[in-house]
file entry.txt (compact mmCIF, C-alpha atoms (C1' of nucleotides))
# COMPACT_ATOMS: atom_id res chain seq x y z
CA MET A 1 51.25 -43.95 101.85
CA ALA A 2 51.13 -46.05 104.96
CA ASN A 3 53.91 -44.21 106.67
CA GLU A 4 54.92 -43.00 110.08
CA LYS A 5 51.74 -40.98 110.56
CA VAL A 6 49.44 -43.92 109.95
CA PHE A 7 51.19 -46.13 112.50
CA LYS A 8 51.28 -43.32 115.04
CA ALA A 9 47.59 -42.66 114.45
CA LEU A 10 46.71 -46.30 114.99
CA ALA A 11 48.74 -46.46 118.20
CA ASP A 12 45.98 -44.82 120.26
CA PRO A 13 42.92 -46.84 121.35
CA THR A 14 40.58 -43.85 121.15
CA ARG A 15 41.54 -43.30 117.54
CA ARG A 16 41.13 -46.96 116.67
CA LYS A 17 37.65 -46.86 118.19
CA ILE A 18 36.83 -43.77 116.13
CA LEU A 19 37.82 -45.67 112.99
CA ARG A 20 35.72 -48.68 114.02
CA LEU A 21 32.73 -46.41 114.56
CA LEU A 22 33.26 -44.89 111.14
CA SER A 23 33.43 -48.31 109.50
CA SER A 24 29.62 -48.38 109.64
CA GLY A 25 29.35 -45.06 107.83
CA GLU A 26 30.07 -41.39 108.26
CA LEU A 27 29.36 -39.61 111.55
CA THR A 28 29.58 -36.02 112.76
CA ALA A 29 32.22 -34.85 115.21
CA GLY A 30 29.51 -34.55 117.84
CA GLN A 31 28.12 -38.03 117.25
CA LEU A 32 31.59 -39.50 117.53
CA THR A 33 32.32 -37.51 120.68
CA SER A 34 29.16 -38.82 122.36
CA HIS A 35 30.70 -42.32 122.33
CA PHE A 36 33.57 -41.23 124.56
CA ASP A 37 34.12 -39.77 127.98
CA ILE A 38 36.55 -37.24 126.56
CA SER A 39 36.19 -33.49 125.99
CA ALA A 40 35.33 -32.13 122.55
CA PRO A 41 38.73 -30.41 122.14
CA SER A 42 40.51 -33.67 122.91
CA MET A 43 38.38 -35.44 120.36
CA SER A 44 39.12 -32.70 117.84
CA HIS A 45 42.81 -33.34 118.45
CA HIS A 46 42.29 -37.02 117.57
CA PHE A 47 40.31 -36.13 114.44
CA ASN A 48 43.22 -34.01 113.36
CA ILE A 49 45.72 -36.79 113.74
CA LEU A 50 43.48 -39.15 111.76
CA LYS A 51 43.02 -36.52 109.08
CA ASN A 52 46.76 -35.85 108.81
CA ALA A 53 47.37 -39.57 108.44
CA ASP A 54 44.81 -39.60 105.61
CA LEU A 55 42.78 -42.17 107.48
CA VAL A 56 39.59 -40.10 107.34
CA PHE A 57 37.82 -37.63 105.10
CA VAL A 58 35.87 -34.61 106.37
CA ARG A 59 33.10 -32.61 104.81
CA ARG A 60 31.06 -29.79 106.25
CA GLU A 61 27.28 -29.71 106.08
CA GLY A 62 25.97 -26.64 107.82
CA GLN A 63 27.29 -26.48 111.34
CA GLN A 64 28.37 -30.08 111.34
CA LEU A 65 31.54 -31.78 110.21
CA TYR A 66 31.02 -35.28 108.86
CA TYR A 67 33.91 -37.68 109.21
CA SER A 68 34.26 -40.83 107.14
CA LEU A 69 36.79 -43.57 106.59
CA ASN A 70 39.42 -43.32 103.86
CA THR A 71 39.92 -46.95 103.01
CA THR A 72 42.54 -46.42 100.33
CA VAL A 73 45.23 -45.90 102.96
CA PHE A 74 44.28 -49.26 104.36
CA GLN A 75 45.57 -50.91 101.17
CA ASP A 76 48.98 -49.30 101.62
CA LEU A 77 49.04 -50.25 105.28
CA MET A 78 48.41 -53.87 104.41
CA THR A 79 51.22 -53.82 101.88
CA VAL A 80 53.64 -52.49 104.46
CA LEU A 81 52.57 -55.09 107.02
CA LEU A 82 52.81 -57.91 104.52
CA ASP A 83 56.31 -56.73 103.71
CA ILE A 84 57.25 -56.76 107.38
CA PHE A 85 55.77 -60.09 108.28
CA SER A 86 56.16 -62.16 105.17
CA GLN A 87 58.66 -64.98 105.59
CA PRO A 88 60.77 -65.70 102.55
CA GLU A 89 59.87 -68.91 100.70
CA ASN A 90 62.53 -71.60 100.42
CA GLY A 91 65.38 -70.29 98.35
CA GLU A 92 63.70 -66.92 97.89
CA LYS A 93 65.78 -63.83 98.40
CA LYS A 94 64.18 -61.15 100.52
CA MET B 1 46.20 -61.01 120.52
CA ALA B 2 46.72 -57.94 118.40
CA ASN B 3 46.15 -55.51 121.20
CA GLU B 4 47.40 -52.21 122.50
CA LYS B 5 50.96 -53.43 122.86
CA VAL B 6 51.22 -54.53 119.23
CA PHE B 7 50.05 -51.18 117.87
CA LYS B 8 52.34 -49.30 120.25
CA ALA B 9 55.24 -51.52 119.22
CA LEU B 10 54.59 -50.86 115.53
CA ALA B 11 54.39 -47.11 116.10
CA ASP B 12 58.16 -46.72 116.17
CA PRO B 13 60.18 -46.76 112.91
CA THR B 14 63.21 -48.40 114.51
CA ARG B 15 61.08 -51.29 115.69
CA ARG B 16 59.43 -51.68 112.30
CA LYS B 17 62.88 -51.84 110.72
CA ILE B 18 63.93 -54.49 113.25
CA LEU B 19 60.92 -56.56 112.23
CA ARG B 20 61.72 -56.11 108.55
CA LEU B 21 65.29 -57.26 109.15
CA LEU B 22 63.99 -60.30 110.99
CA SER B 23 61.64 -61.18 108.14
CA SER B 24 64.63 -62.67 106.34
CA GLY B 25 65.48 -64.88 109.30
CA GLU B 26 66.72 -64.74 112.86
CA LEU B 27 69.51 -62.38 113.88
CA THR B 28 71.44 -61.74 117.08
CA ALA B 29 70.97 -58.58 119.13
CA GLY B 30 74.41 -57.46 117.99
CA GLN B 31 73.72 -58.08 114.31
CA LEU B 32 70.50 -56.12 114.56
CA THR B 33 72.20 -53.29 116.43
CA SER B 34 74.86 -52.98 113.71
CA HIS B 35 72.13 -51.81 111.31
CA PHE B 36 71.35 -48.74 113.41
CA ASP B 37 73.11 -45.67 114.72
CA ILE B 38 71.67 -46.30 118.17
CA SER B 39 73.34 -47.53 121.38
CA ALA B 40 73.03 -51.16 122.43
CA PRO B 41 70.95 -50.32 125.53
CA SER B 42 68.48 -48.38 123.40
CA MET B 43 68.22 -51.31 121.03
CA SER B 44 67.69 -53.62 123.97
CA HIS B 45 64.80 -51.41 125.02
CA HIS B 46 63.22 -51.86 121.59
CA PHE B 47 63.76 -55.62 121.71
CA ASN B 48 61.92 -55.67 125.01
CA ILE B 49 58.93 -53.83 123.63
CA LEU B 50 58.76 -56.20 120.66
CA LYS B 51 59.04 -59.19 122.98
CA ASN B 52 56.31 -57.90 125.29
CA ALA B 53 54.05 -57.43 122.30
CA ASP B 54 54.77 -61.04 121.30
CA LEU B 55 56.08 -59.88 117.97
CA VAL B 56 59.41 -61.67 118.38
CA PHE B 57 60.85 -64.79 119.93
CA VAL B 58 64.25 -64.95 121.64
CA ARG B 59 66.61 -67.81 122.27
CA ARG B 60 70.07 -67.83 123.72
CA GLU B 61 72.98 -69.60 122.09
CA GLY B 62 76.15 -69.07 124.05
CA GLN B 63 76.73 -65.39 124.61
CA GLN B 64 74.30 -64.39 121.90
CA LEU B 65 70.60 -63.82 121.91
CA TYR B 66 68.88 -64.70 118.68
CA TYR B 67 65.72 -62.80 117.83
CA SER B 68 63.17 -64.03 115.33
CA LEU B 69 59.75 -63.03 114.07
CA ASN B 70 56.58 -64.38 115.67
CA THR B 71 54.25 -64.36 112.71
CA THR B 72 51.21 -65.68 114.54
CA VAL B 73 50.54 -62.26 116.04
CA PHE B 74 50.46 -60.91 112.52
CA GLN B 75 47.33 -62.97 111.84
CA ASP B 76 45.53 -61.36 114.77
CA LEU B 77 46.72 -57.92 113.74
CA MET B 78 45.26 -58.42 110.26
CA THR B 79 41.96 -59.49 111.75
CA VAL B 80 41.77 -56.34 113.84
CA LEU B 81 42.65 -54.13 110.90
CA LEU B 82 40.13 -55.82 108.65
CA ASP B 83 37.52 -55.23 111.33
CA ILE B 84 38.42 -51.56 111.49
CA PHE B 85 38.56 -50.90 107.79
CA SER B 86 35.94 -53.18 106.34
CA GLN B 87 32.98 -51.33 104.92
CA PRO B 88 29.63 -53.04 105.41
CA GLU B 89 28.15 -54.60 102.26
CA ASN B 90 24.79 -53.38 101.01
CA GLY B 91 22.18 -54.19 103.61
CA GLU B 92 24.72 -55.80 105.86
CA LYS B 93 24.63 -54.95 109.54
CA LYS B 94 27.97 -54.06 111.04
C1' DG C 1 89.83 -67.25 139.11
C1' DG C 2 90.50 -63.46 135.61
C1' DT C 3 89.56 -61.26 131.37
C1' DA C 4 86.93 -60.45 127.16
C1' DT C 5 82.58 -60.25 124.63
C1' DA C 6 77.44 -59.90 124.31
C1' DT C 7 73.62 -58.07 126.15
C1' DT C 8 70.58 -56.21 129.66
C1' DT C 9 69.26 -53.28 133.70
C1' DA C 10 69.18 -48.80 136.10
C1' DG C 11 68.57 -44.13 136.14
C1' DA C 12 68.38 -39.59 134.08
C1' DG C 13 66.99 -36.09 130.72
C1' DA C 14 64.79 -34.08 126.45
C1' DG C 15 60.99 -34.48 123.53
C1' DT C 16 56.34 -36.11 122.43
C1' DT C 17 51.51 -37.13 123.49
C1' DG C 18 46.87 -36.94 125.46
C1' DT C 19 44.15 -34.47 128.31
C1' DC C 20 41.98 -30.33 130.11
C1' DT C 21 39.86 -25.29 130.32
C1' DA C 22 39.21 -21.00 128.03
C1' DA C 23 38.67 -18.66 123.96
C1' DA C 24 37.93 -18.33 119.05
C1' DT C 25 35.66 -19.48 114.65
C1' DA C 26 31.90 -21.12 111.65
C1' DC C 27 27.32 -21.54 110.62
C1' DC C 28 22.26 -21.12 111.41
C1' DT C 29 18.00 -18.64 112.53
C1' DA C 30 15.45 -14.95 113.78
C1' DT D 1 22.95 -7.84 114.19
C1' DA D 2 22.36 -10.96 118.09
C1' DG D 3 22.17 -15.39 120.16
C1' DG D 4 22.74 -20.34 119.97
C1' DT D 5 24.93 -24.67 118.56
C1' DA D 6 28.98 -27.23 116.62
C1' DT D 7 33.59 -27.55 116.40
C1' DT D 8 38.36 -26.05 116.47
C1' DT D 9 42.47 -23.47 118.18
C1' DA D 10 45.57 -22.01 121.92
C1' DG D 11 48.06 -22.92 125.80
C1' DA D 12 49.23 -25.52 129.93
C1' DC D 13 50.48 -29.72 132.35
C1' DA D 14 51.21 -34.66 133.69
C1' DA D 15 52.52 -38.94 131.81
C1' DC D 16 54.92 -41.54 128.65
C1' DT D 17 58.78 -42.57 125.32
C1' DC D 18 63.30 -42.69 123.33
C1' DT D 19 67.74 -41.84 124.00
C1' DC D 20 72.05 -41.82 126.52
C1' DT D 21 75.98 -43.31 130.00
C1' DA D 22 77.32 -46.29 133.69
C1' DA D 23 76.94 -50.47 135.80
C1' DA D 24 75.42 -55.22 136.14
C1' DT D 25 74.75 -59.96 134.39
C1' DA D 26 75.74 -64.01 131.46
C1' DT D 27 78.71 -66.80 128.94
C1' DA D 28 83.20 -68.33 126.97
C1' DC D 29 88.01 -69.19 127.17
C1' DC D 30 92.52 -69.40 129.11
call {"tool": "encode", "arguments": {"input": "entry.txt", "output": "structure tokens"}}
result
Amino acid sequence: MANEKVFKALADPTRRKILRLLSSGELTAGQLTSHFDISAPSMSHHFNILKNADLVFVRREGQQLYYSLNTTVFQDLMTVLLDIFSQPENGEKK
Amino acid sequence: MANEKVFKALADPTRRKILRLLSSGELTAGQLTSHFDISAPSMSHHFNILKNADLVFVRREGQQLYYSLNTTVFQDLMTVLLDIFSQPENGEKK
DNA sequence: GGTATATTTAGAGAGTTGTCTAAATACCTA
DNA sequence: TAGGTATTTAGACAACTCTCTAAATATACC
């Protein structure tokens, strides 16, 4: 569900950039971290928030953790936004 | 533009509910406030954040301030979200 | 002007968030 | 088992956010 956690997760620019990076395909925690001037623990904190919002998947391969986008939550998010921003048609009850 | 301020504004459930209420048409500050168990000054604070994010319009009529939805920002928001969540097609560069 | 209503501004306080360093855990290779 | 790399967990701290009460501003009406 596109709930509280999803909106909170999207409220931070670092996390939105992480998602944009992942839109091209999965990346390891280290690869993602190299795109930022932020410590690894701070990045890990962001990964956690994204994971808890179900915006990303993780899988381990050896020492590395691969993060990838969970696009199904995006569908729900769009539904919520459409509900918020849709204007009622003439005569339509909302 | 669907920027930082828009995402921050959407991160709060009270503000999302305000937007949902406005999706049926404009309402005064007082009418909006009556839907919440929150003081008028706190509501005013939320109105301000929504205004600064260009998510709502305001107009005064006598003693009342009427708030209404600015749906144009919604377009931009959708564009940003599509950019974040779109997966590249086969062979497509992203 | 004086009073009432609608709403905002000012300022304070508790809770949340993003960042850091230090330490721990997980896995690999020898 | 030991050492190295990848990543997370723990704990602390400054900054930001949401809420409140009190006071100010804006408008209407008598």
call {"tool": "atom_distance", "arguments": {"input": "entry.txt", "atom1": "atom C1' of DT27 of chain D", "atom2": "atom C1' of DA4 of chain C"}}
result
10.5 Å
call {"tool": "closest_atom_pairs", "arguments": {"input": "entry.txt", "of": "chain A", "to": "chain B", "cutoff": "9 Å", "atoms": "all atoms listed in the file", "output": "CSV"}}
result
residue,atom,partner,partner_atom,distance
A:Glu4,CA,B:Pro13,CA,7.1
A:Lys5,CA,B:Ala11,CA,8.7
A:Val6,CA,B:Ala11,CA,8.5
A:Phe7,CA,B:Ala11,CA,4.9
A:Lys8,CA,B:Ala11,CA,5.0
A:Ala9,CA,B:Ala11,CA,8.3
A:Leu10,CA,B:Phe7,CA,6.6
A:Ala11,CA,B:Phe7,CA,4.9
A:Asp12,CA,B:Lys8,CA,7.8
A:Pro13,CA,B:Glu4,CA,7.1
A:Arg16,CA,B:Ile84,CA,7.4
A:Lys17,CA,B:Ile84,CA,8.2
A:Leu19,CA,B:Ile84,CA,6.1
A:Arg20,CA,B:Ile84,CA,4.7
A:Leu21,CA,B:Ile84,CA,8.3
A:Leu22,CA,B:Ile84,CA,8.4
A:Ser23,CA,B:Gln87,CA,5.5
A:Ser24,CA,B:Lys94,CA,6.1
A:Gly25,CA,B:Gln87,CA,7.8
A:Leu69,CA,B:Phe85,CA,7.6
A:Asn70,CA,B:Phe85,CA,8.6
A:Thr71,CA,B:Phe85,CA,6.3
A:Phe74,CA,B:Phe85,CA,6.9
A:Met78,CA,B:Met78,CA,8.1
A:Leu81,CA,B:Phe74,CA,8.3
A:Leu82,CA,B:Phe74,CA,8.9
A:Asp83,CA,B:Arg20,CA,7.3
A:Ile84,CA,B:Arg20,CA,4.7
A:Phe85,CA,B:Ser23,CA,6.0
A:Ser86,CA,B:Ser23,CA,6.3
A:Gln87,CA,B:Ser23,CA,5.5
A:Pro88,CA,B:Ser24,CA,6.2
A:Lys93,CA,B:Ser24,CA,8.1
A:Lys94,CA,B:Ser24,CA,6.0
call {"tool": "axis_aligned_box", "arguments": {"input": "entry.txt", "around": "segment 28-43 of chain B", "padding_each_side": "8 Å", "output": "AutoDock Vina command-line options"}}
result
--center_x 71.5 --center_y -53.7 --center_z 118.4 --size_x 22.6 --size_y 32.1 --size_z 30.2
call {"tool": "residues_near_point", "arguments": {"input": "entry.txt", "point": "(29.9, -36.4, 120.0)", "cutoff": "12 Å", "atoms": "only C-alpha atoms (C1' of nucleotides)", "output": "mmCIF file with C-alpha atoms (C1' of nucleotides), keeping the file's coordinate frame"}}
result
data_model
loop_
_atom_site.group_PDB
_atom_site.id
_atom_site.type_symbol
_atom_site.label_atom_id
_atom_site.label_comp_id
_atom_site.auth_asym_id
_atom_site.auth_seq_id
_atom_site.Cartn_x
_atom_site.Cartn_y
_atom_site.Cartn_z
ATOM 1 C CA ILE A 18 36.830 -43.770 116.130
ATOM 2 C CA LEU A 21 32.730 -46.410 114.560
ATOM 3 C CA LEU A 27 29.360 -39.610 111.550
ATOM 4 C CA THR A 28 29.580 -36.020 112.760
ATOM 5 C CA ALA A 29 32.220 -34.850 115.210
ATOM 6 C CA GLY A 30 29.510 -34.550 117.840
ATOM 7 C CA GLN A 31 28.120 -38.030 117.250
ATOM 8 C CA LEU A 32 31.590 -39.500 117.530
ATOM 9 C CA THR A 33 32.320 -37.510 120.680
ATOM 10 C CA SER A 34 29.160 -38.820 122.360
ATOM 11 C CA HIS A 35 30.700 -42.320 122.330
ATOM 12 C CA PHE A 36 33.570 -41.230 124.560
ATOM 13 C CA ASP A 37 34.120 -39.770 127.980
ATOM 14 C CA ILE A 38 36.550 -37.240 126.560
ATOM 15 C CA SER A 39 36.190 -33.490 125.990
ATOM 16 C CA ALA A 40 35.330 -32.130 122.550
ATOM 17 C CA PRO A 41 38.730 -30.410 122.140
ATOM 18 C CA SER A 42 40.510 -33.670 122.910
ATOM 19 C CA MET A 43 38.380 -35.440 120.360
ATOM 20 C CA SER A 44 39.120 -32.700 117.840
ATOM 21 C CA PHE A 47 40.310 -36.130 114.440
ATOM 22 C CA GLN A 64 28.370 -30.080 111.340
ATOM 23 C CA LEU A 65 31.540 -31.780 110.210
ATOM 24 C CA TYR A 66 31.020 -35.280 108.860
ATOM 25 C CA TYR A 67 33.910 -37.680 109.210
ATOM 26 C "C1'" DA D 6 28.980 -27.230 116.620
ATOM 27 C "C1'" DT D 7 33.590 -27.550 116.400
#
call {"tool": "closest_atom_pairs", "arguments": {"input": "entry.txt", "of": "chain D", "to": "chain A", "cutoff": "12 Å", "atoms": "all atoms listed in the file", "output": "JSON lines"}}
result
{"residue": "D:DG4", "atom": "C1'", "partner": "A:Gln63", "partner_atom": "CA", "distance": 11.5}
{"residue": "D:DT5", "atom": "C1'", "partner": "A:Gln63", "partner_atom": "CA", "distance": 7.8}
{"residue": "D:DA6", "atom": "C1'", "partner": "A:Gln63", "partner_atom": "CA", "distance": 5.6}
{"residue": "D:DT7", "atom": "C1'", "partner": "A:Ala29", "partner_atom": "CA", "distance": 7.5}
{"residue": "D:DT8", "atom": "C1'", "partner": "A:Ser44", "partner_atom": "CA", "distance": 6.8}
{"residue": "D:DT9", "atom": "C1'", "partner": "A:Pro41", "partner_atom": "CA", "distance": 8.8}
{"residue": "D:DA10", "atom": "C1'", "partner": "A:Pro41", "partner_atom": "CA", "distance": 10.8}
call {"tool": "interface_residues", "arguments": {"input": "entry.txt", "of": "chain C", "to": "chain B", "cutoff": "8 Å", "atoms": "all atoms listed in the file", "output": "PyMOL selection string"}}
result
chain C and resi 5-8
call {"tool": "atom_distance", "arguments": {"input": "entry.txt", "atom1": "atom CA of Thr14 of chain B", "atom2": "atom CA of His46 of chain B"}}
result
7.9 Å
call {"tool": "atom_distance", "arguments": {"input": "entry.txt", "atom1": "atom C1' of DA26 of chain D", "atom2": "atom CA of Arg60 of chain B"}}
result
10.3 Å
call {"tool": "residues_around", "arguments": {"input": "entry.txt", "residues": "Ser68 of chain B", "least_positions_apart": "6", "cutoff": "6 Å", "atoms": "only C-alpha atoms (C1' of nucleotides)", "output": "ChimeraX atom specification"}}
result
/B:22,26,56-57
